[in-house]
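Data block for run-v2.cif (mmCIF, C-alpha atoms (C1' of nucleotides)):
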```cif
data_structure
#
loop_
_atom_site.label_atom_id
_atom_site.label_comp_id
_atom_site.auth_asym_id
_atom_site.auth_seq_id
_atom_site.Cartn_x
_atom_site.Cartn_y
_atom_site.Cartn_z
CA MET K 691 142.79 7.58 89.30
CA ILE K 692 143.39 4.25 87.69
CA PRO K 693 141.36 1.40 89.15
CA VAL K 694 143.49 -1.53 90.21
CA LEU K 695 142.21 -4.70 88.62
CA LYS K 696 142.52 -7.98 90.43
CA ILE K 697 144.55 -10.73 88.92
CA PRO K 698 142.60 -13.99 88.91
CA SER K 699 143.31 -16.11 91.97
CA LYS K 700 145.45 -19.22 91.80
CA GLY K 701 142.49 -21.53 92.15
CA MET K 702 140.74 -20.06 89.14
CA MET K 703 143.92 -20.04 87.12
CA SER K 704 144.80 -23.67 87.65
CA GLN K 705 141.75 -24.61 85.62
CA LEU K 706 143.15 -22.91 82.55
CA LYS K 707 145.72 -25.57 81.77
CA ASN K 708 143.93 -26.83 78.69
CA LYS K 709 142.89 -23.46 77.41
CA TYR K 710 144.52 -21.95 74.37
CA LEU K 711 145.08 -18.38 73.31
CA ILE K 712 145.60 -18.35 69.54
CA ILE K 713 147.52 -15.24 68.53
CA ILE K 714 147.43 -13.98 64.96
CA LEU K 715 149.96 -11.24 64.36
CA GLY K 716 151.79 -9.65 61.44
CA PRO K 717 152.49 -6.33 59.80
CA THR K 718 149.73 -3.90 59.00
CA ALA K 719 147.60 -4.76 55.95
CA SER K 720 148.71 -8.38 55.91
CA GLY K 721 145.15 -9.69 56.21
CA LYS K 722 145.01 -10.39 59.93
CA THR K 723 141.45 -9.19 60.44
CA ASP K 724 139.95 -11.54 57.85
CA ALA K 725 142.05 -14.47 58.98
CA ALA K 726 141.08 -13.95 62.60
CA ILE K 727 137.39 -13.81 61.78
CA GLN K 728 137.53 -16.97 59.71
CA ILE K 729 139.54 -18.82 62.32
CA ALA K 730 137.41 -17.63 65.21
CA GLY K 731 134.39 -18.78 63.22
CA ILE K 732 135.81 -22.24 62.70
CA PHE K 733 136.55 -22.62 66.40
CA ARG K 734 133.29 -20.91 67.38
CA THR K 735 135.01 -18.39 69.61
CA LYS K 736 135.65 -14.70 70.10
CA ILE K 737 138.36 -12.21 69.21
CA ILE K 738 140.52 -9.98 71.38
CA SER K 739 142.20 -7.15 69.50
CA ALA K 740 145.83 -6.32 70.26
CA ASP K 741 145.98 -3.06 68.40
CA SER K 742 147.05 0.14 70.11
CA ARG K 743 145.05 2.36 67.76
CA GLN K 744 141.89 0.40 67.10
CA LEU K 745 141.27 0.83 70.81
CA TYR K 746 140.05 4.36 70.29
CA LYS K 747 136.38 5.15 69.82
CA GLU K 748 137.08 8.21 67.74
CA LEU K 749 139.28 6.43 65.19
CA LYS K 750 137.78 4.26 62.52
CA ILE K 751 138.80 4.75 58.91
CA GLY K 752 142.47 5.49 59.53
CA THR K 753 142.92 2.52 61.83
CA ALA K 754 141.11 0.03 59.57
CA VAL K 755 138.89 -1.36 62.31
CA PRO K 756 136.73 -4.32 61.28
CA ASP K 757 133.51 -3.20 59.59
CA GLN K 758 130.00 -3.60 61.01
CA ARG K 759 129.37 -6.88 59.23
CA GLN K 760 132.61 -8.34 60.55
CA LEU K 761 131.96 -7.11 64.07
CA LYS K 762 128.52 -8.69 63.94
CA SER K 763 129.75 -12.07 62.72
CA ILE K 764 132.23 -12.53 65.58
CA GLN K 765 132.32 -10.74 68.89
CA HIS K 766 135.36 -8.50 69.22
CA TYR K 767 136.89 -7.00 72.36
CA PHE K 768 139.13 -3.94 72.66
CA ILE K 769 137.86 -2.39 69.44
CA GLN K 770 136.91 1.28 69.82
CA THR K 771 136.41 0.97 73.56
CA ILE K 772 138.23 3.96 75.01
CA SER K 773 138.44 7.64 74.19
CA ILE K 774 141.51 9.33 72.81
CA HIS K 775 141.19 11.71 75.75
CA ASP K 776 141.70 8.85 78.22
CA TYR K 777 145.09 7.88 79.55
CA TYR K 778 145.91 4.32 78.59
CA ASN K 779 148.94 2.08 78.56
CA VAL K 780 150.03 -1.51 77.98
CA SER K 781 149.91 -2.38 81.64
CA MET K 782 146.24 -1.50 81.81
CA TYR K 783 145.75 -3.56 78.68
CA GLU K 784 147.49 -6.53 80.29
CA GLN K 785 145.24 -6.42 83.34
CA GLU K 786 142.07 -6.03 81.33
CA VAL K 787 142.93 -8.80 78.90
CA LEU K 788 143.76 -11.23 81.70
CA GLU K 789 140.46 -10.43 83.39
CA LEU K 790 138.59 -10.96 80.17
CA LEU K 791 140.42 -14.16 79.31
CA ASN K 792 139.57 -15.61 82.66
CA LYS K 793 135.93 -14.98 81.86
CA LEU K 794 136.06 -16.20 78.26
CA PHE K 795 137.93 -19.37 79.16
CA SER K 796 135.09 -20.35 81.44
CA GLU K 797 133.00 -20.97 78.34
CA LYS K 798 135.57 -21.45 75.55
CA ASP K 799 138.63 -23.64 75.21
CA ILE K 800 140.11 -21.40 72.54
CA VAL K 801 140.21 -17.63 72.26
CA VAL K 802 141.68 -15.75 69.32
CA MET K 803 143.81 -12.64 69.72
CA VAL K 804 144.71 -10.57 66.69
CA GLY K 805 146.83 -7.49 66.30
CA GLY K 806 149.98 -5.85 65.13
CA SER K 807 151.10 -4.02 68.25
CA GLY K 808 154.05 -6.15 69.29
CA MET K 809 154.27 -4.75 72.76
CA TYR K 810 150.59 -5.39 73.42
CA VAL K 811 150.98 -8.98 72.32
CA ASP K 812 154.10 -9.49 74.42
CA VAL K 813 152.55 -8.04 77.53
CA VAL K 814 149.75 -10.57 77.34
CA CYS K 815 152.23 -13.39 76.81
CA HIS K 816 154.90 -12.42 79.35
CA GLY K 817 153.60 -9.58 81.48
CA ILE K 818 155.37 -6.40 82.44
CA ASP K 819 156.77 -5.10 85.71
CA ASP K 820 154.51 -3.11 87.96
CA LEU K 821 155.24 0.59 87.98
CA PRO K 822 153.60 3.32 89.99
CA VAL K 823 151.07 5.54 88.26
CA VAL K 824 152.78 8.82 87.47
CA ASP K 825 151.18 12.11 88.41
CA PRO K 826 150.40 13.90 85.13
CA LEU K 827 151.87 17.07 86.60
CA ILE K 828 155.28 15.40 86.94
CA ARG K 829 155.07 14.19 83.37
CA GLU K 830 154.16 17.65 82.10
CA THR K 831 156.87 19.34 84.13
CA LEU K 832 159.54 17.02 82.76
CA GLN K 833 158.22 17.40 79.24
CA GLN K 834 158.41 21.17 79.63
CA ARG K 835 161.95 20.94 80.93
CA PHE K 836 162.88 18.79 77.95
CA ASN K 837 161.40 21.39 75.60
CA ASP K 838 163.26 24.22 77.36
CA GLU K 839 166.59 22.65 78.29
CA GLY K 840 167.03 19.89 75.74
CA ILE K 841 168.02 16.34 76.45
CA GLU K 842 171.55 16.86 77.78
CA SER K 843 170.68 18.22 81.22
CA LEU K 844 168.03 15.53 81.72
CA ARG K 845 170.54 12.92 80.71
CA LEU K 846 173.04 14.16 83.29
CA GLU K 847 170.32 14.15 85.89
CA LEU K 848 169.50 10.54 85.07
CA LYS K 849 173.16 9.65 85.31
CA ARG K 850 173.19 11.01 88.85
CA LEU K 851 169.80 9.65 89.98
CA ASP K 852 169.78 6.22 88.32
CA PRO K 853 173.24 5.19 87.11
CA VAL K 854 172.07 1.62 86.59
CA TYR K 855 169.46 2.52 84.03
CA TYR K 856 171.72 5.19 82.57
CA SER K 857 174.31 2.57 81.75
CA LYS K 858 171.93 0.56 79.60
CA ALA K 859 169.42 3.11 78.37
CA ASP K 860 169.16 4.47 74.85
CA LEU K 861 170.49 7.88 75.83
CA ARG K 862 169.53 9.54 72.58
CA ASN K 863 165.88 8.63 72.94
CA PRO K 864 164.09 11.36 74.93
CA LYS K 865 161.15 9.08 75.72
CA ARG K 866 163.37 6.62 77.57
CA ILE K 867 165.09 9.33 79.62
CA LEU K 868 161.81 11.02 80.47
CA LYS K 869 160.15 7.78 81.51
CA ALA K 870 162.95 6.93 83.93
CA LEU K 871 162.93 10.41 85.44
CA GLU K 872 159.15 10.38 85.80
CA ILE K 873 159.34 7.25 87.89
CA TYR K 874 162.17 8.60 89.99
CA TYR K 875 160.39 11.85 90.78
CA MET K 876 157.15 10.03 91.46
CA THR K 877 158.67 7.60 93.95
CA GLY K 878 162.16 8.74 94.88
CA ILE K 879 163.29 5.28 93.79
CA PRO K 880 165.34 4.61 90.66
CA TYR K 881 163.39 3.33 87.66
CA SER K 882 165.88 0.48 87.26
CA SER K 883 164.91 -0.98 90.62
CA PHE K 884 161.40 -1.63 89.32
CA LEU K 885 162.69 -3.67 86.41
CA THR K 886 162.90 -7.22 87.63
CA GLY K 887 163.20 -8.98 84.34
CA PRO K 888 161.75 -12.42 84.93
CA LYS K 889 158.82 -13.15 82.68
CA LYS K 890 155.47 -14.08 84.11
CA GLU K 891 154.09 -17.50 83.34
CA ARG K 892 150.54 -17.72 82.07
CA PRO K 893 148.18 -20.49 83.17
CA PHE K 894 146.81 -20.93 79.65
CA LYS K 895 148.71 -22.06 76.58
CA ILE K 896 149.72 -19.67 73.82
CA ILE K 897 150.00 -20.48 70.12
CA LYS K 898 151.53 -17.75 67.98
CA THR K 899 150.85 -17.52 64.27
CA GLY K 900 151.95 -14.75 61.95
CA ILE K 901 150.89 -13.60 58.52
CA ASN K 902 153.71 -12.27 56.40
CA PRO K 903 153.20 -11.56 52.68
CA ASP K 904 156.15 -11.16 50.30
CA ARG K 905 157.47 -7.62 50.56
CA ASP K 906 156.13 -6.57 47.14
CA GLU K 907 152.71 -7.94 47.94
CA LEU K 908 152.68 -6.28 51.35
CA TYR K 909 153.48 -2.90 49.81
CA GLU K 910 150.79 -3.40 47.18
CA ARG K 911 148.28 -4.20 49.92
CA ILE K 912 149.34 -1.10 51.82
CA ASN K 913 148.87 1.10 48.75
CA GLN K 914 145.42 -0.31 48.14
CA ARG K 915 144.44 0.06 51.76
CA VAL K 916 145.53 3.70 51.84
CA ASN K 917 143.69 4.48 48.60
CA GLY K 918 140.64 2.79 50.08
CA MET K 919 140.88 4.86 53.25
CA ILE K 920 140.91 8.08 51.24
CA GLN K 921 137.85 6.92 49.28
CA SER K 922 136.09 5.96 52.49
CA GLY K 923 136.49 9.44 53.91
CA LEU K 924 139.76 9.57 55.82
CA ILE K 925 140.05 13.28 55.11
CA GLU K 926 136.64 13.98 56.61
CA GLU K 927 137.48 11.84 59.63
CA ALA K 928 140.73 13.75 60.12
CA LYS K 929 138.89 17.05 59.75
CA SER K 930 136.52 16.06 62.53
CA LEU K 931 139.55 15.42 64.77
CA TYR K 932 141.53 18.45 63.67
CA ASN K 933 140.85 20.50 66.79
CA ILE K 934 142.37 17.78 68.98
CA LYS K 935 145.21 16.85 66.67
CA GLU K 936 147.77 17.37 69.44
CA CYS K 937 146.41 14.30 71.26
CA ASN K 938 148.94 11.51 71.61
CA ALA K 939 146.63 8.99 70.04
CA LEU K 940 146.50 11.15 66.92
CA ASN K 941 150.24 10.96 66.44
CA THR K 942 149.35 8.13 64.10
CA VAL K 943 150.11 7.26 60.49
CA GLY K 944 147.21 8.34 58.31
CA TYR K 945 146.08 11.18 60.53
CA LYS K 946 149.23 13.23 61.01
CA GLU K 947 149.85 13.43 57.27
CA ILE K 948 146.28 14.59 56.59
CA PHE K 949 146.65 17.22 59.32
CA ASP K 950 149.71 18.52 57.48
CA TYR K 951 147.63 18.66 54.31
CA LEU K 952 144.86 20.55 56.11
CA ASP K 953 147.52 22.95 57.40
CA GLY K 954 148.68 23.54 53.84
CA LYS K 955 152.13 22.12 54.53
CA VAL K 956 151.82 19.49 51.78
CA THR K 957 149.50 18.81 48.86
CA LEU K 958 146.91 16.07 49.11
CA GLU K 959 148.93 13.98 46.67
CA GLN K 960 152.04 14.36 48.83
CA ALA K 961 150.09 13.53 51.98
CA ILE K 962 148.82 10.29 50.44
CA SER K 963 152.34 9.31 49.34
CA LEU K 964 153.62 10.04 52.83
CA ILE K 965 150.92 7.89 54.40
CA LYS K 966 151.98 5.04 52.14
CA ARG K 967 155.65 5.51 52.92
CA ASN K 968 155.11 5.85 56.66
CA THR K 969 152.88 2.78 56.66
CA ARG K 970 155.63 0.82 54.91
CA ARG K 971 158.09 1.94 57.56
CA TYR K 972 155.68 1.03 60.32
CA ALA K 973 155.20 -2.42 58.80
CA ARG K 974 158.97 -2.90 58.75
CA ARG K 975 159.27 -1.94 62.40
CA GLN K 976 156.54 -4.44 63.22
CA LEU K 977 158.44 -7.14 61.33
CA THR K 978 161.66 -6.26 63.16
CA TRP K 979 159.83 -6.75 66.43
CA PHE K 980 158.25 -10.06 65.42
CA ARG K 981 161.33 -11.52 63.75
CA LYS K 982 163.11 -12.19 66.99
CA ASP K 983 160.21 -14.21 68.37
CA LYS K 984 161.05 -17.76 67.32
CA ALA K 985 157.74 -19.12 68.65
CA ILE K 986 155.79 -17.63 65.76
CA ALA K 987 154.64 -19.97 62.98
CA TRP K 988 154.51 -17.93 59.79
CA PHE K 989 151.96 -18.13 56.99
CA ARG K 990 151.05 -16.22 53.85
CA PRO K 991 147.81 -14.32 53.37
CA GLY K 992 145.00 -16.68 52.49
CA GLU K 993 146.61 -19.76 53.99
CA ILE K 994 143.73 -20.13 56.43
CA LYS K 995 143.54 -23.87 56.03
CA ASN K 996 147.22 -24.27 56.89
CA MET K 997 146.77 -22.06 59.91
CA VAL K 998 143.78 -24.06 61.10
CA ASP K 999 145.67 -27.31 60.60
CA TYR K 1000 148.58 -25.91 62.59
CA ILE K 1001 146.29 -24.81 65.40
CA LYS K 1002 144.55 -28.18 65.52
CA GLU K 1003 147.89 -29.92 65.62
CA GLN K 1004 149.11 -27.71 68.45
CA THR K 1005 145.95 -27.97 70.50
CA GLY K 1006 145.53 -31.71 70.09
CA ASN K 1007 142.91 -31.45 67.38
CA PHE K 1008 139.91 -30.39 69.43
CA GLU K 1009 137.51 -27.67 68.42
"C1'" G S 551 167.66 11.25 7.06
"C1'" G S 552 170.98 15.49 9.35
"C1'" U S 553 172.89 18.11 13.64
"C1'" G S 554 173.35 18.69 18.81
"C1'" C S 555 172.85 17.02 23.84
"C1'" C S 556 172.42 12.96 27.23
"C1'" A S 557 173.42 7.67 29.14
"C1'" U S 558 176.54 6.86 36.68
"C1'" A S 559 172.45 3.50 42.85
"C1'" G S 560 165.37 1.77 42.61
"C1'" C S 561 164.40 7.42 41.10
"C1'" U S 562 166.40 12.53 40.17
"C1'" C S 563 171.17 13.84 39.44
"C1'" A S 564 176.49 15.35 40.95
"C1'" G S 565 181.61 13.89 40.10
"C1'" C S 566 186.42 12.31 38.21
"C1'" A S 567 192.10 18.21 34.11
"C1'" G S 568 192.66 9.51 33.92
"C1'" G S 569 194.06 6.18 39.88
"C1'" U S 570 187.02 1.48 39.92
"C1'" A S 571 182.32 6.90 42.67
"C1'" G S 572 178.57 10.29 46.01
"C1'" A S 573 174.06 13.50 47.41
"C1'" G S 574 168.75 13.92 48.11
"C1'" C S 575 164.59 10.90 48.04
"C1'" A S 576 163.22 5.80 48.03
"C1'" A S 577 164.99 1.20 50.18
"C1'" C S 578 167.17 -2.06 53.95
"C1'" G S 579 168.68 -3.60 59.05
"C1'" G S 580 168.41 -2.95 64.39
"C1'" A S 581 166.77 -1.25 69.44
"C1'" C S 582 162.49 -0.88 72.33
"C1'" U S 583 159.30 -2.50 80.29
"C1'" G S 584 153.26 2.19 80.59
"C1'" A S 585 151.66 7.74 74.72
"C1'" A S 586 154.61 1.75 70.94
"C1'" A S 587 150.84 3.18 64.12
"C1'" A S 588 155.16 6.24 69.21
"C1'" U S 589 160.36 7.10 69.89
"C1'" C S 590 165.49 6.22 68.81
"C1'" C S 591 169.99 4.15 66.22
"C1'" G S 592 172.55 2.26 62.00
"C1'" U S 593 173.51 0.82 56.46
"C1'" G S 594 175.29 2.78 49.89
"C1'" U S 595 172.62 -1.53 47.82
"C1'" G S 596 176.63 0.19 41.45
"C1'" U S 597 179.02 -4.35 34.74
"C1'" C S 598 179.57 4.30 35.99
"C1'" C S 599 174.97 1.70 28.39
"C1'" U S 600 177.95 -1.82 24.91
"C1'" U S 601 182.35 -2.30 22.24
"C1'" G S 602 187.15 -1.11 20.12
"C1'" G S 603 191.41 2.38 20.77
"C1'" U S 604 195.11 5.47 23.53
"C1'" U S 605 197.36 4.51 28.46
"C1'" C S 606 201.03 1.30 33.54
"C1'" G S 607 195.82 2.26 34.49
"C1'" A S 608 189.53 4.43 31.29
"C1'" U S 609 183.40 5.49 34.56
"C1'" U S 610 186.44 9.87 32.94
"C1'" C S 611 189.89 10.99 26.68
"C1'" C S 612 188.99 9.32 21.22
"C1'" G S 613 186.10 6.19 17.52
"C1'" A S 614 181.94 3.04 16.50
"C1'" G S 615 177.33 0.92 18.06
"C1'" U S 616 172.68 1.06 20.82
"C1'" G S 617 168.91 3.75 23.41
"C1'" G S 618 166.62 8.51 24.84
"C1'" C S 619 165.63 13.80 24.23
"C1'" A S 620 165.73 18.36 21.35
"C1'" C S 621 166.06 21.00 16.94
"C1'" C S 622 166.45 20.96 11.46
"C1'" A S 623 164.54 18.47 7.35
#
```
Please express the file's structure as C-alpha cells.
Amino acid sequence: MIPVLKIPSKGMMSQLKNKYLIIILGPTASGKTDAAIQIAGIFRTKIISADSRQLYKELKIGTAVPDQRQLKSIQHYFIQTISIHDYYNVSMYEQEVLELLNKLFSEKDIVVMVGGSGMYVDVVCHGIDDLPVVDPLIRETLQQRFNDEGIESLRLELKRLDPVYYSKADLRNPKRILKALEIYYMTGIPYSSFLTGPKKERPFKIIKTGINPDRDELYERINQRVNGMIQSGLIEEAKSLYNIKECNALNTVGYKEIFDYLDGKVTLEQAISLIKRNTRRYARRQLTWFRKDKAIAWFRPGEIKNMVDYIKEQTGNFE
RNA sequence: GGUGCCAUAGCUCAGCAGGUAGAGCAACGGACUGAAAAUCCGUGUGUCCUUGGUUCGAUUCCGAGUGGCACCA
C-alpha cells in the first residue's frame, strides 16, 4: 500500500513566491555532483538528488553516488534512501520532493537539485497526472501474457479498449502498451482519460542550469569514470547483487554488463567496453531529453563562477 | 635492394567481367505521463591513396608514385 502524501496547502504555498529551486542537470559524468556541492556551499543550502538510480541503498559504485566526504560537506536528500526491492515511481518522487521542499524553503531561500534523470526533473517542475496504483498481480498477469502471446494481441486489445491512446501511442514499445492496459484493467477506465495534459504551476521559482562538455571530453570523462568504478570494486558490488540481478533497478548500465561477465557470456574486457558504450548511449539519450527544454542555461564543466553569476542574476543577487 | 600482396565509411572488410558503392561494429538523430541508467523508433556519415593513360564514362583495367604487410636478400 502506497501512503498518500498531502500536497502543501495553498496558504503555505503562497509564501514560496521568493523561493528558488536551482536545478543542475546534464549527461552522466559531466561533473554535476561537484558543481552542485560547490554551488550549494556558496548559497549555504542543501541538495536534492534527481537520479533514478542513486536512490537505491544497495547501489553505490555503479551509480557514482557522492562519496562520504561530499555527503558530509553538504546535506543530500534522495541518495540511497530506498531499497531495490521497494516499488517506486516518479509520482512518488514528485510528492516526496514537494513535501521536502516545503520544509526546506521554510529555512532556505534557495535549494539545489541535481540529477540526470530527465523525467524526475520534469515531474518536479511540471507535475504528472494522478494515476491509480496498479495491483501487482495485474501487472504480472499482463507481463506474462506479453511473454506468451507477444505484443500483437495486446495491441489489438488496446485498440478496442482505449482507441484514443492507441491512436497516439508508440505501438512498438511494449512498455507503453502494457502501462495503458494495466490502468484499464485496474479501473475499467481508459488510460487516455487520466491524461489531462495541463502542466501544474509551482509556487516557487525554478532556475535550470545544465552542464554539457564537448562530446570528446564527455566520452573521455565516461571512460575514466568507468575505469575508476572497476578499480573501486564494481565487480565485487555486482557479485553481491548477483542473486537479485532480475530486479528492475538492476537493469542498469554498469551492473547488467558485469552480470553477463559473471555468467561467462562476455570477457571482462568486453564487459568494460560495453559499459563504456552503453554509458555513452545513455548520455546521448539524456541530451536528447534536455535539448528540447529551452529554459536550460548551459555551461561547461568547471564554469562554476559563471553558473553562480547566472544564478545570482536570476534570483536578484541575494544569497 | 628484389619479388609478391594490399590501399574503399571512424574501425574491420565486401563489391564493381567499367555506369561515382555496402555490411558488421562504432557513431549520430528522435520519441518518451509511474520500473526512465528503462523502453522504443530512425539515419550511411565516403576525394573508393595520389597521379598519368585507355574509354563516351575509371573506385574498378594499365603504368608510375607514395604508404603498409609478407617473403627473399
Neighbour list for C590 in chain S as an mmCIF file with C-alpha atoms (C1' of nucleotides), in the coordinates of the input, cut-off 10 Å, all atoms listed in the file, skip fewer than 2 positions in-chain:
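Writing the result to selection_1.cif gives the following:
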```cif
data_model
loop_
_atom_site.group_PDB
_atom_site.id
_atom_site.type_symbol
_atom_site.label_atom_id
_atom_site.label_comp_id
_atom_site.auth_asym_id
_atom_site.auth_seq_id
_atom_site.Cartn_x
_atom_site.Cartn_y
_atom_site.Cartn_z
ATOM 1 C CA ASP K 860 169.160 4.470 74.850
ATOM 2 C CA LEU K 861 170.490 7.880 75.830
ATOM 3 C CA ARG K 862 169.530 9.540 72.580
ATOM 4 C CA ASN K 863 165.880 8.630 72.940
ATOM 5 C CA PRO K 864 164.090 11.360 74.930
ATOM 6 C CA LYS K 865 161.150 9.080 75.720
ATOM 7 C CA ARG K 866 163.370 6.620 77.570
ATOM 8 C "C1'" A S 581 166.770 -1.250 69.440
ATOM 9 C "C1'" C S 582 162.490 -0.880 72.330
#
```
Counting only C-alpha atoms (C1' of nucleotides), which residues of chain S sit at most 6 Å from some atom of chain K, and what is each one's closest atom pair with its distance in Å to one decimal, listed by chain and rising residue number, as a Markdown table?
```
| residue | atom | partner | partner_atom | distance |
| --- | --- | --- | --- | --- |
| S:U583 | C1' | K:Ile818 | CA | 5.9 |
| S:G584 | C1' | K:Asn779 | CA | 4.8 |
| S:A585 | C1' | K:Asn938 | CA | 5.6 |
| S:A587 | C1' | K:Thr942 | CA | 5.2 |
| S:C590 | C1' | K:Asn863 | CA | 4.8 |
```
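The space separating CA of Arg845 in chain K from C1' of G580 in chain S comes to 22.9 Å.
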Problem set entry | Atomic separation - CA of Phe989 in chain K relative to CA of Leu790 in chain K, Å |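 Calculated distance between CA of Leu790 in chain K and CA of Phe989 in chain K is 27.7 Å.
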Exercise. What is the distance, in Å and to one decimal place, between CA of His775 in chain K and CA of Leu788 in chain K?
Worked result: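 Taking CA of His775 in chain K as the start and CA of Leu788 in chain K as the end point, the length is 23.8 Å.
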Starting from the sparse input, extend range 798-806 of chain K to all heavy atoms and give the output as an mmCIF file, in the coordinates of the input.
```
data_model
loop_
_atom_site.group_PDB
_atom_site.id
_atom_site.type_symbol
_atom_site.label_atom_id
_atom_site.label_comp_id
_atom_site.auth_asym_id
_atom_site.auth_seq_id
_atom_site.Cartn_x
_atom_site.Cartn_y
_atom_site.Cartn_z
ATOM 1 N N LYS K 798 134.902 -21.038 76.779
ATOM 2 C CA LYS K 798 135.570 -21.450 75.550
ATOM 3 C C LYS K 798 136.909 -22.085 75.871
ATOM 4 O O LYS K 798 137.564 -21.711 76.842
ATOM 5 C CB LYS K 798 135.851 -20.213 74.661
ATOM 6 C CG LYS K 798 134.642 -19.351 74.358
ATOM 7 C CD LYS K 798 133.784 -19.975 73.286
ATOM 8 C CE LYS K 798 132.626 -19.036 72.928
ATOM 9 N NZ LYS K 798 131.643 -19.722 72.053
ATOM 10 N N ASP K 799 137.306 -23.038 75.029
ATOM 11 C CA ASP K 799 138.630 -23.640 75.210
ATOM 12 C C ASP K 799 139.678 -22.866 74.426
ATOM 13 O O ASP K 799 140.863 -22.944 74.692
ATOM 14 C CB ASP K 799 138.625 -25.088 74.733
ATOM 15 C CG ASP K 799 137.793 -25.958 75.662
ATOM 16 O OD1 ASP K 799 137.805 -25.686 76.877
ATOM 17 O OD2 ASP K 799 137.124 -26.874 75.166
ATOM 18 N N ILE K 800 139.193 -22.147 73.400
ATOM 19 C CA ILE K 800 140.110 -21.400 72.540
ATOM 20 C C ILE K 800 139.608 -19.969 72.429
ATOM 21 O O ILE K 800 138.404 -19.734 72.264
ATOM 22 C CB ILE K 800 140.150 -22.056 71.139
ATOM 23 C CG1 ILE K 800 140.928 -23.372 71.205
ATOM 24 C CG2 ILE K 800 140.764 -21.116 70.110
ATOM 25 C CD1 ILE K 800 141.006 -24.097 69.877
ATOM 26 N N VAL K 801 140.529 -19.032 72.531
ATOM 27 C CA VAL K 801 140.210 -17.630 72.260
ATOM 28 C C VAL K 801 141.239 -17.123 71.265
ATOM 29 O O VAL K 801 142.413 -17.497 71.332
ATOM 30 C CB VAL K 801 140.238 -16.789 73.558
ATOM 31 C CG1 VAL K 801 140.103 -15.304 73.242
ATOM 32 C CG2 VAL K 801 139.134 -17.229 74.515
ATOM 33 N N VAL K 802 140.777 -16.296 70.336
ATOM 34 C CA VAL K 802 141.680 -15.750 69.320
ATOM 35 C C VAL K 802 142.073 -14.328 69.697
ATOM 36 O O VAL K 802 141.233 -13.547 70.121
ATOM 37 C CB VAL K 802 140.990 -15.751 67.933
ATOM 38 C CG1 VAL K 802 141.814 -14.956 66.908
ATOM 39 C CG2 VAL K 802 140.786 -17.184 67.427
ATOM 40 N N MET K 803 143.342 -14.019 69.555
ATOM 41 C CA MET K 803 143.810 -12.640 69.720
ATOM 42 C C MET K 803 144.480 -12.213 68.420
ATOM 43 O O MET K 803 145.289 -12.957 67.860
ATOM 44 C CB MET K 803 144.793 -12.546 70.884
ATOM 45 C CG MET K 803 145.191 -11.127 71.195
ATOM 46 S SD MET K 803 145.877 -10.975 72.861
ATOM 47 C CE MET K 803 147.550 -10.747 72.448
ATOM 48 N N VAL K 804 144.146 -11.030 67.956
ATOM 49 C CA VAL K 804 144.710 -10.570 66.690
ATOM 50 C C VAL K 804 145.184 -9.133 66.815
ATOM 51 O O VAL K 804 144.514 -8.304 67.421
ATOM 52 C CB VAL K 804 143.676 -10.686 65.540
ATOM 53 C CG1 VAL K 804 142.457 -9.814 65.788
ATOM 54 C CG2 VAL K 804 144.298 -10.337 64.196
ATOM 55 N N GLY K 805 146.361 -8.869 66.267
ATOM 56 C CA GLY K 805 146.830 -7.490 66.300
ATOM 57 C C GLY K 805 148.268 -7.344 65.885
ATOM 58 O O GLY K 805 149.011 -8.319 65.817
ATOM 59 N N GLY K 806 148.641 -6.118 65.612
ATOM 60 C CA GLY K 806 149.980 -5.850 65.130
ATOM 61 C C GLY K 806 150.837 -5.055 66.094
ATOM 62 O O GLY K 806 151.969 -4.695 65.767
#
```
